[in-house]
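*Asks:* My file is query15.cif. It has mmCIF, N, CA, C and O atoms:
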```cif
data_model
loop_
_atom_site.label_atom_id
_atom_site.label_comp_id
_atom_site.auth_asym_id
_atom_site.auth_seq_id
_atom_site.Cartn_x
_atom_site.Cartn_y
_atom_site.Cartn_z
N MET A 252 20.93 11.03 -44.95
CA MET A 252 19.67 11.38 -45.59
C MET A 252 19.99 12.01 -46.96
O MET A 252 20.82 12.90 -47.06
N THR A 253 19.33 11.54 -47.97
CA THR A 253 19.52 12.09 -49.30
C THR A 253 18.36 13.01 -49.66
O THR A 253 17.32 13.00 -49.00
N MET A 254 18.51 13.79 -50.71
CA MET A 254 17.47 14.72 -51.13
C MET A 254 16.16 14.00 -51.43
O MET A 254 15.10 14.54 -51.23
N GLU A 255 16.21 12.76 -51.91
CA GLU A 255 15.00 12.02 -52.24
C GLU A 255 14.15 11.72 -51.01
O GLU A 255 12.97 11.47 -51.13
N THR A 256 14.75 11.71 -49.84
CA THR A 256 14.01 11.34 -48.64
C THR A 256 13.54 12.54 -47.81
O THR A 256 12.97 12.36 -46.75
N LEU A 257 13.78 13.74 -48.28
CA LEU A 257 13.37 14.92 -47.52
C LEU A 257 11.85 15.02 -47.46
O LEU A 257 11.15 14.77 -48.45
N ASP A 258 11.33 15.40 -46.32
CA ASP A 258 9.90 15.62 -46.17
C ASP A 258 9.52 16.98 -46.75
O ASP A 258 10.38 17.82 -47.02
N THR A 259 8.23 17.22 -46.90
CA THR A 259 7.72 18.45 -47.49
C THR A 259 6.93 19.24 -46.46
O THR A 259 6.04 18.69 -45.80
N ILE A 260 7.25 20.52 -46.33
CA ILE A 260 6.42 21.40 -45.51
C ILE A 260 5.22 21.78 -46.36
O ILE A 260 5.35 22.34 -47.44
N ASP A 261 4.04 21.46 -45.86
CA ASP A 261 2.80 21.73 -46.58
C ASP A 261 2.32 23.16 -46.35
O ASP A 261 1.95 23.85 -47.28
N HIS A 262 2.31 23.58 -45.08
CA HIS A 262 1.86 24.93 -44.79
C HIS A 262 2.37 25.39 -43.43
O HIS A 262 2.84 24.59 -42.63
N VAL A 263 2.26 26.69 -43.22
CA VAL A 263 2.55 27.33 -41.95
C VAL A 263 1.26 28.00 -41.51
O VAL A 263 0.54 28.59 -42.33
N ALA A 264 0.93 27.91 -40.23
CA ALA A 264 -0.29 28.54 -39.71
C ALA A 264 0.10 29.65 -38.74
O ALA A 264 0.88 29.43 -37.82
N VAL A 265 -0.46 30.82 -38.98
CA VAL A 265 -0.22 31.98 -38.12
C VAL A 265 -1.54 32.44 -37.52
O VAL A 265 -2.59 32.37 -38.15
N VAL A 266 -1.48 32.91 -36.28
CA VAL A 266 -2.66 33.39 -35.58
C VAL A 266 -2.93 34.83 -36.00
O VAL A 266 -2.01 35.66 -36.06
N VAL A 267 -4.20 35.12 -36.30
CA VAL A 267 -4.63 36.48 -36.64
C VAL A 267 -5.84 36.83 -35.78
O VAL A 267 -6.51 35.94 -35.23
N ASP A 268 -6.12 38.13 -35.65
CA ASP A 268 -7.26 38.58 -34.84
C ASP A 268 -8.57 38.57 -35.60
O ASP A 268 -9.63 38.44 -35.01
N ASP A 269 -8.50 38.72 -36.93
CA ASP A 269 -9.70 38.82 -37.76
C ASP A 269 -9.42 38.14 -39.09
O ASP A 269 -8.58 38.63 -39.86
N ILE A 270 -10.08 37.04 -39.36
CA ILE A 270 -9.82 36.27 -40.57
C ILE A 270 -10.08 37.11 -41.82
O ILE A 270 -9.25 37.16 -42.73
N ALA A 271 -11.21 37.78 -41.89
CA ALA A 271 -11.56 38.56 -43.09
C ALA A 271 -10.55 39.67 -43.35
O ALA A 271 -10.11 39.87 -44.48
N ALA A 272 -10.14 40.38 -42.30
CA ALA A 272 -9.17 41.47 -42.47
C ALA A 272 -7.81 40.92 -42.89
O ALA A 272 -7.14 41.48 -43.76
N ALA A 273 -7.38 39.83 -42.26
CA ALA A 273 -6.10 39.23 -42.62
C ALA A 273 -6.13 38.69 -44.04
O ALA A 273 -5.17 38.87 -44.80
N LEU A 274 -7.22 38.06 -44.43
CA LEU A 274 -7.36 37.55 -45.78
C LEU A 274 -7.25 38.68 -46.80
O LEU A 274 -6.53 38.57 -47.79
N ALA A 275 -7.92 39.78 -46.54
CA ALA A 275 -7.84 40.94 -47.44
C ALA A 275 -6.41 41.48 -47.51
O ALA A 275 -5.93 41.85 -48.59
N TRP A 276 -5.73 41.53 -46.38
CA TRP A 276 -4.36 42.05 -46.35
C TRP A 276 -3.44 41.18 -47.21
O TRP A 276 -2.68 41.70 -48.02
N TYR A 277 -3.49 39.88 -47.02
CA TYR A 277 -2.62 38.98 -47.79
C TYR A 277 -2.95 39.00 -49.28
O TYR A 277 -2.07 39.03 -50.12
N GLN A 278 -4.24 39.01 -49.62
CA GLN A 278 -4.63 39.03 -51.03
C GLN A 278 -4.22 40.33 -51.72
O GLN A 278 -3.91 40.31 -52.91
N ALA A 279 -4.22 41.43 -51.00
CA ALA A 279 -3.84 42.72 -51.59
C ALA A 279 -2.34 42.81 -51.85
O ALA A 279 -1.91 43.59 -52.69
N ARG A 280 -1.55 42.01 -51.18
CA ARG A 280 -0.10 42.13 -51.27
C ARG A 280 0.60 40.99 -52.00
O ARG A 280 1.71 41.15 -52.47
N PHE A 281 -0.03 39.85 -52.09
CA PHE A 281 0.63 38.67 -52.64
C PHE A 281 -0.22 37.99 -53.70
O PHE A 281 -1.45 38.02 -53.64
N ASN A 282 0.45 37.36 -54.64
CA ASN A 282 -0.22 36.58 -55.67
C ASN A 282 -0.39 35.17 -55.11
O ASN A 282 0.53 34.36 -55.15
N CYS A 283 -1.57 34.91 -54.56
CA CYS A 283 -1.87 33.63 -53.94
C CYS A 283 -3.34 33.30 -54.21
O CYS A 283 -4.09 34.15 -54.67
N VAL A 284 -3.71 32.06 -53.92
CA VAL A 284 -5.07 31.61 -54.17
C VAL A 284 -5.71 31.24 -52.84
O VAL A 284 -5.12 30.51 -52.04
N VAL A 285 -6.93 31.71 -52.61
CA VAL A 285 -7.67 31.32 -51.41
C VAL A 285 -8.33 29.97 -51.70
O VAL A 285 -9.16 29.85 -52.59
N GLN A 286 -7.94 28.95 -50.95
CA GLN A 286 -8.51 27.63 -51.16
C GLN A 286 -9.68 27.35 -50.21
O GLN A 286 -10.52 26.53 -50.51
N TRP A 287 -9.71 28.02 -49.08
CA TRP A 287 -10.78 27.79 -48.11
C TRP A 287 -10.82 28.97 -47.16
O TRP A 287 -9.78 29.51 -46.80
N HIS A 288 -12.01 29.36 -46.74
CA HIS A 288 -12.10 30.33 -45.65
C HIS A 288 -13.49 30.30 -45.04
O HIS A 288 -14.47 29.98 -45.70
N ASP A 289 -13.53 30.60 -43.77
CA ASP A 289 -14.76 30.85 -43.04
C ASP A 289 -14.41 31.85 -41.94
O ASP A 289 -13.37 32.50 -42.03
N GLU A 290 -15.23 31.98 -40.92
CA GLU A 290 -14.98 33.01 -39.91
C GLU A 290 -13.84 32.68 -38.95
O GLU A 290 -13.36 33.56 -38.23
N SER A 291 -13.36 31.43 -38.94
CA SER A 291 -12.31 31.08 -37.99
C SER A 291 -11.04 30.50 -38.63
O SER A 291 -10.11 30.15 -37.92
N PHE A 292 -11.03 30.41 -39.98
CA PHE A 292 -9.89 29.76 -40.64
C PHE A 292 -9.86 30.17 -42.10
O PHE A 292 -10.89 30.29 -42.75
N ALA A 293 -8.66 30.39 -42.63
CA ALA A 293 -8.48 30.62 -44.07
C ALA A 293 -7.21 29.90 -44.50
O ALA A 293 -6.26 29.78 -43.72
N TYR A 294 -7.22 29.42 -45.74
CA TYR A 294 -6.05 28.73 -46.26
C TYR A 294 -5.69 29.33 -47.61
O TYR A 294 -6.49 29.33 -48.54
N LEU A 295 -4.47 29.86 -47.69
CA LEU A 295 -3.95 30.48 -48.90
C LEU A 295 -2.88 29.57 -49.50
O LEU A 295 -2.02 29.07 -48.78
N ARG A 296 -2.94 29.39 -50.79
CA ARG A 296 -1.93 28.58 -51.48
C ARG A 296 -0.99 29.51 -52.22
O ARG A 296 -1.43 30.36 -52.99
N PHE A 297 0.30 29.37 -51.94
CA PHE A 297 1.35 30.06 -52.66
C PHE A 297 1.99 29.03 -53.58
O PHE A 297 1.65 27.85 -53.54
N ASP A 298 2.94 29.43 -54.40
CA ASP A 298 3.57 28.50 -55.33
C ASP A 298 4.25 27.34 -54.63
O ASP A 298 4.18 26.21 -55.08
N ASN A 299 4.91 27.61 -53.52
CA ASN A 299 5.73 26.59 -52.87
C ASN A 299 5.22 26.10 -51.53
O ASN A 299 5.79 25.18 -50.95
N CYS A 300 4.16 26.70 -51.01
CA CYS A 300 3.73 26.35 -49.65
C CYS A 300 2.36 26.98 -49.40
O CYS A 300 1.96 27.92 -50.08
N GLY A 301 1.67 26.48 -48.41
CA GLY A 301 0.39 27.07 -48.01
C GLY A 301 0.56 27.93 -46.77
O GLY A 301 1.53 27.78 -46.01
N LEU A 302 -0.39 28.83 -46.57
CA LEU A 302 -0.42 29.67 -45.38
C LEU A 302 -1.83 29.58 -44.79
O LEU A 302 -2.81 29.91 -45.47
N ALA A 303 -1.92 29.11 -43.56
CA ALA A 303 -3.20 29.05 -42.86
C ALA A 303 -3.29 30.24 -41.93
O ALA A 303 -2.35 30.55 -41.21
N LEU A 304 -4.43 30.90 -41.95
CA LEU A 304 -4.73 31.99 -41.02
C LEU A 304 -5.70 31.42 -40.01
O LEU A 304 -6.78 30.95 -40.38
N VAL A 305 -5.33 31.43 -38.74
CA VAL A 305 -6.14 30.79 -37.71
C VAL A 305 -6.45 31.77 -36.59
O VAL A 305 -5.71 32.72 -36.35
N MET A 306 -7.56 31.53 -35.92
CA MET A 306 -7.97 32.34 -34.78
C MET A 306 -7.42 31.73 -33.49
O MET A 306 -7.29 30.50 -33.39
N PRO A 307 -7.14 32.58 -32.50
CA PRO A 307 -6.68 32.05 -31.21
C PRO A 307 -7.71 31.05 -30.66
O PRO A 307 -8.90 31.22 -30.83
N GLN A 308 -7.26 30.01 -30.02
CA GLN A 308 -8.06 28.95 -29.42
C GLN A 308 -8.80 28.07 -30.44
O GLN A 308 -9.50 27.15 -30.07
N GLN A 309 -8.69 28.34 -31.74
CA GLN A 309 -9.29 27.49 -32.75
C GLN A 309 -8.28 26.45 -33.25
O GLN A 309 -8.62 25.29 -33.39
N HIS A 310 -7.09 26.90 -33.55
CA HIS A 310 -5.99 26.06 -34.01
C HIS A 310 -4.71 26.64 -33.42
O HIS A 310 -4.59 27.86 -33.32
N PRO A 311 -3.75 25.80 -33.11
CA PRO A 311 -2.48 26.37 -32.63
C PRO A 311 -1.66 26.91 -33.80
O PRO A 311 -1.77 26.40 -34.92
N PRO A 312 -0.84 27.93 -33.56
CA PRO A 312 0.12 28.30 -34.60
C PRO A 312 1.05 27.09 -34.79
O PRO A 312 1.43 26.44 -33.82
N HIS A 313 1.36 26.78 -36.05
CA HIS A 313 2.13 25.57 -36.31
C HIS A 313 2.69 25.59 -37.72
O HIS A 313 2.39 26.47 -38.51
N PHE A 314 3.50 24.58 -38.02
CA PHE A 314 3.82 24.27 -39.41
C PHE A 314 3.45 22.82 -39.64
O PHE A 314 3.45 22.01 -38.71
N ALA A 315 3.08 22.51 -40.87
CA ALA A 315 2.60 21.16 -41.19
C ALA A 315 3.53 20.48 -42.17
O ALA A 315 3.97 21.09 -43.15
N VAL A 316 3.82 19.23 -41.90
CA VAL A 316 4.68 18.41 -42.74
C VAL A 316 3.84 17.30 -43.36
O VAL A 316 3.06 16.64 -42.66
N THR A 317 3.96 17.12 -44.66
CA THR A 317 3.28 16.02 -45.34
C THR A 317 4.08 14.75 -45.12
O THR A 317 5.29 14.73 -45.36
N ALA A 318 3.41 13.73 -44.65
CA ALA A 318 4.10 12.46 -44.38
C ALA A 318 3.15 11.30 -44.62
O ALA A 318 1.96 11.40 -44.34
N ALA A 319 3.71 10.23 -45.14
CA ALA A 319 2.94 9.00 -45.30
C ALA A 319 2.77 8.35 -43.93
O ALA A 319 3.62 8.50 -43.05
N ASN A 320 1.67 7.64 -43.75
CA ASN A 320 1.42 6.88 -42.53
C ASN A 320 1.55 7.75 -41.28
O ASN A 320 2.38 7.49 -40.42
N ILE A 321 0.69 8.77 -41.17
CA ILE A 321 0.77 9.66 -40.01
C ILE A 321 0.42 8.96 -38.71
O ILE A 321 0.71 9.48 -37.64
N SER A 322 -0.15 7.78 -38.79
CA SER A 322 -0.48 7.03 -37.57
C SER A 322 0.75 6.74 -36.73
O SER A 322 0.65 6.55 -35.51
N ARG A 323 1.93 6.75 -37.35
CA ARG A 323 3.15 6.51 -36.57
C ARG A 323 3.43 7.66 -35.60
O ARG A 323 4.25 7.53 -34.69
N PHE A 324 2.74 8.82 -35.79
CA PHE A 324 2.93 9.98 -34.91
C PHE A 324 1.85 10.08 -33.84
O PHE A 324 1.91 10.95 -32.99
N GLY A 325 0.84 9.22 -33.92
CA GLY A 325 -0.26 9.26 -32.96
C GLY A 325 -1.57 8.92 -33.67
O GLY A 325 -1.56 8.53 -34.84
N THR A 326 -2.67 9.07 -32.97
CA THR A 326 -3.97 8.76 -33.55
C THR A 326 -4.47 9.95 -34.36
O THR A 326 -4.68 11.03 -33.80
N PRO A 327 -4.63 9.77 -35.67
CA PRO A 327 -5.08 10.89 -36.51
C PRO A 327 -6.51 11.33 -36.19
O PRO A 327 -7.35 10.51 -35.83
N LYS A 328 -6.73 12.63 -36.30
CA LYS A 328 -8.07 13.22 -36.23
C LYS A 328 -8.37 13.77 -37.62
O LYS A 328 -7.51 13.78 -38.49
N THR A 329 -9.59 14.24 -37.82
CA THR A 329 -9.99 14.74 -39.13
C THR A 329 -10.42 16.20 -39.04
O THR A 329 -11.27 16.55 -38.21
N HIS A 330 -9.82 17.05 -39.88
CA HIS A 330 -10.23 18.45 -40.00
C HIS A 330 -11.57 18.52 -40.72
O HIS A 330 -11.97 17.57 -41.41
N ARG A 331 -12.23 19.66 -40.64
CA ARG A 331 -13.54 19.82 -41.30
C ARG A 331 -13.46 19.71 -42.81
O ARG A 331 -14.45 19.43 -43.46
N ASP A 332 -12.26 19.90 -43.39
CA ASP A 332 -12.12 19.74 -44.85
C ASP A 332 -11.82 18.30 -45.25
O ASP A 332 -11.60 18.01 -46.42
N GLY A 333 -11.79 17.39 -44.26
CA GLY A 333 -11.57 15.98 -44.55
C GLY A 333 -10.13 15.51 -44.45
O GLY A 333 -9.88 14.32 -44.52
N THR A 334 -9.19 16.43 -44.30
CA THR A 334 -7.79 16.02 -44.18
C THR A 334 -7.53 15.45 -42.79
O THR A 334 -8.13 15.88 -41.81
N ARG A 335 -6.65 14.47 -42.73
CA ARG A 335 -6.29 13.84 -41.46
C ARG A 335 -5.03 14.49 -40.91
O ARG A 335 -4.16 14.89 -41.67
N PHE A 336 -4.94 14.56 -39.59
CA PHE A 336 -3.80 15.24 -38.98
C PHE A 336 -3.48 14.66 -37.61
O PHE A 336 -4.31 14.05 -36.97
N VAL A 337 -2.25 14.90 -37.18
CA VAL A 337 -1.80 14.66 -35.82
C VAL A 337 -0.99 15.89 -35.43
O VAL A 337 -0.07 16.29 -36.16
N TYR A 338 -1.33 16.54 -34.31
CA TYR A 338 -0.53 17.63 -33.78
C TYR A 338 0.47 17.06 -32.78
O TYR A 338 0.11 16.21 -31.96
N MET A 339 1.71 17.55 -32.83
CA MET A 339 2.75 17.13 -31.90
C MET A 339 3.47 18.36 -31.37
O MET A 339 3.54 19.37 -32.07
N ASP A 340 4.03 18.25 -30.20
CA ASP A 340 4.89 19.29 -29.63
C ASP A 340 6.33 18.90 -29.91
O ASP A 340 6.71 17.74 -29.73
N ASP A 341 7.14 19.84 -30.36
CA ASP A 341 8.53 19.51 -30.72
C ASP A 341 9.50 19.51 -29.53
O ASP A 341 10.69 19.37 -29.69
N GLY A 342 8.99 19.68 -28.32
CA GLY A 342 9.84 19.71 -27.14
C GLY A 342 10.32 21.09 -26.77
O GLY A 342 10.87 21.31 -25.70
N SER A 343 10.11 22.06 -27.67
CA SER A 343 10.48 23.45 -27.41
C SER A 343 9.24 24.35 -27.38
O SER A 343 9.35 25.56 -27.45
N GLY A 344 8.06 23.74 -27.34
CA GLY A 344 6.82 24.50 -27.28
C GLY A 344 6.22 24.83 -28.63
O GLY A 344 5.22 25.55 -28.69
N ASN A 345 6.79 24.33 -29.72
CA ASN A 345 6.25 24.58 -31.05
C ASN A 345 5.37 23.40 -31.46
O ASN A 345 5.68 22.25 -31.16
N THR A 346 4.30 23.71 -32.19
CA THR A 346 3.40 22.66 -32.66
C THR A 346 3.74 22.29 -34.09
O THR A 346 3.92 23.17 -34.94
N VAL A 347 3.81 21.00 -34.35
CA VAL A 347 4.04 20.47 -35.69
C VAL A 347 2.82 19.63 -36.04
O VAL A 347 2.38 18.80 -35.24
N GLU A 348 2.26 19.87 -37.20
CA GLU A 348 1.13 19.10 -37.68
C GLU A 348 1.62 18.11 -38.74
O GLU A 348 2.34 18.48 -39.65
N MET A 349 1.23 16.88 -38.58
CA MET A 349 1.55 15.87 -39.59
C MET A 349 0.29 15.58 -40.37
O MET A 349 -0.78 15.56 -39.83
#
```
Starting from the file, give its structure as structure tokens.
*Replies:*
Amino acid sequence: MTMETLDTIDHVAVVVDDIAAALAWYQARFNCVVQWHDESFAYLRFDNCGLALVMPQQHPPHFAVTAANISRFGTPKTHRDGTRFVYMDDGSGNTVEM
């Protein structure tokens, strides 16, 4: 595998108890941009990666990889923001979003 073929990690999603409180905490400490938020989800953009803040039972904690032709990983579904995704288990209990 050469550097040209490396995949890109798009974001990491962490579970929080309160979206508004977590959003305030991250914004107070880091230079990042809020791209989306509501009562159950927030998405922060950093220079090199995104950070999703998710509520328990709404989204699994995960990391997301940008990949062409995600259908090769399963049947894509659509998030409320219009992005397509496939969640997979890595065999060790971790969720990977394509």
*Asks:* Check the smallest atom-to-atom distance from each of A:Cys283, A:Gly301, A:Ala264, A:Asn320 to Thr346 (chain A) using only C-alpha atoms, then report the winner.
*Replies:*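 The shortest atom-to-atom distance to Thr346 (chain A) comes from A:Ala264.
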*Asks:* Here is a test: counting only N, CA, C and O atoms, which residue of A:Asp298, A:Asp340, A:Asp261, A:Asp269 is nearest to Thr317 (chain A)?
*Replies:*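 Result for the nearest residue to Thr317 (chain A): A:Asp261.
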*Asks:* Name the residues in contact with region 308-310 of chain A at a cut-off of 7 Å, using only N, CA, C and O atoms, excluding same-chain residues fewer than 4 positions from it; report them as a list in words.
*Replies:* Val265, Val266 and Ser291 of chain A
*Asks:* Could the centre and edge lengths of an axis-aligned box, enclosing all atoms of region 303-309 of chain A in the file with 6 Å extra on each side, be given in Å to one decimal as AutoDock Vina command-line options?
*Replies:*
```
--center_x -5.7 --center_y 29.0 --center_z -36.5 --size_x 19.6 --size_y 19.4 --size_z 26.1
```
*Asks:* Check what the PyMOL selection byres ((chain A and resi 292) around 7) selects in the file above and give those residues as JSON, numbers by chain.
*Replies:* {"A": [270, 287, 288, 289, 290, 291, 293, 294, 303, 304, 305, 306]}
*Asks:* Any idea what the distance is between CA of Phe324 (chain A) and CA of Val285 (chain A)?
*Replies:*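 Going from CA of Phe324 (chain A) over to CA of Val285 (chain A), I get 29.0 Å.
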*Asks:* Can you tell me how far atom C of Gly325 (chain A) sits from atom C of Val337 (chain A), in Å to one decimal?
*Replies:*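 Computed distance, atom C of Gly325 (chain A) to atom C of Val337 (chain A), equals 7.2 Å.
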*Asks:* Suppose you want the space between CA of Gly344 (chain A) and CA of Val267 (chain A); what is it in Å?
*Replies:*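 CA of Val267 (chain A) lies 19.0 Å from CA of Gly344 (chain A).
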*Asks:* Evaluate the PyMOL selection byres ((chain A and resi 260) around 7) on the structure here and hand back the selected residues as number ranges by chain.
*Replies:* A: 258-259, 261-263, 299-301, 314-317
*Asks:* Mind the document's chain letters and residue numbers, and return as a VMD selection string the residues of chain A that DSSP labels alpha helix (DSSP H).
*Replies:* chain A and resid 270 to 280
*Asks:* Kindly indicate which residue among A:Leu257, A:Ala272, A:Leu302, A:Met349 lies nearest to Gln286 (chain A), using only N, CA, C and O atoms for the distances.
*Replies:* A:Leu302
*Asks:* If you count only C-alpha atoms, which residues fall within 10 Å of Thr326 (chain A), apart from same-chain ones fewer than 6 positions away, as a PyMOL selection string?
*Replies:* chain A and resi 335-338
*Asks:* Could you give me, as a ChimeraX atom specification, each residue of chain A that DSSP assigns to strand (DSSP E or B) when run on this structure's backbone?
*Replies:* /A:259-266,284-288,292-296,301-305,313-317,328-329,335-336,338-340,346-348
*Asks:* Go through A:Phe297, A:Glu255, A:Ala271, A:Glu348 and flag the residue nearest Ala318 (chain A), using all atoms listed in the file for the distances.
*Replies:*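 Closest candidate: A:Glu348.
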*Asks:* Of the residues A:Pro307, A:Pro312, A:Asp341, A:Arg296, which is the one nearest to Phe281 (chain A), using all atoms listed in the file?
*Replies:* A:Arg296
*Asks:* With all atoms listed in the file as the atoms that count, which of A:Val347, A:Leu295, A:Thr329, A:Asn282 lies nearest to Pro311 (chain A)?
*Replies:*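 Selected residue with least distance to Pro311 (chain A): A:Val347.
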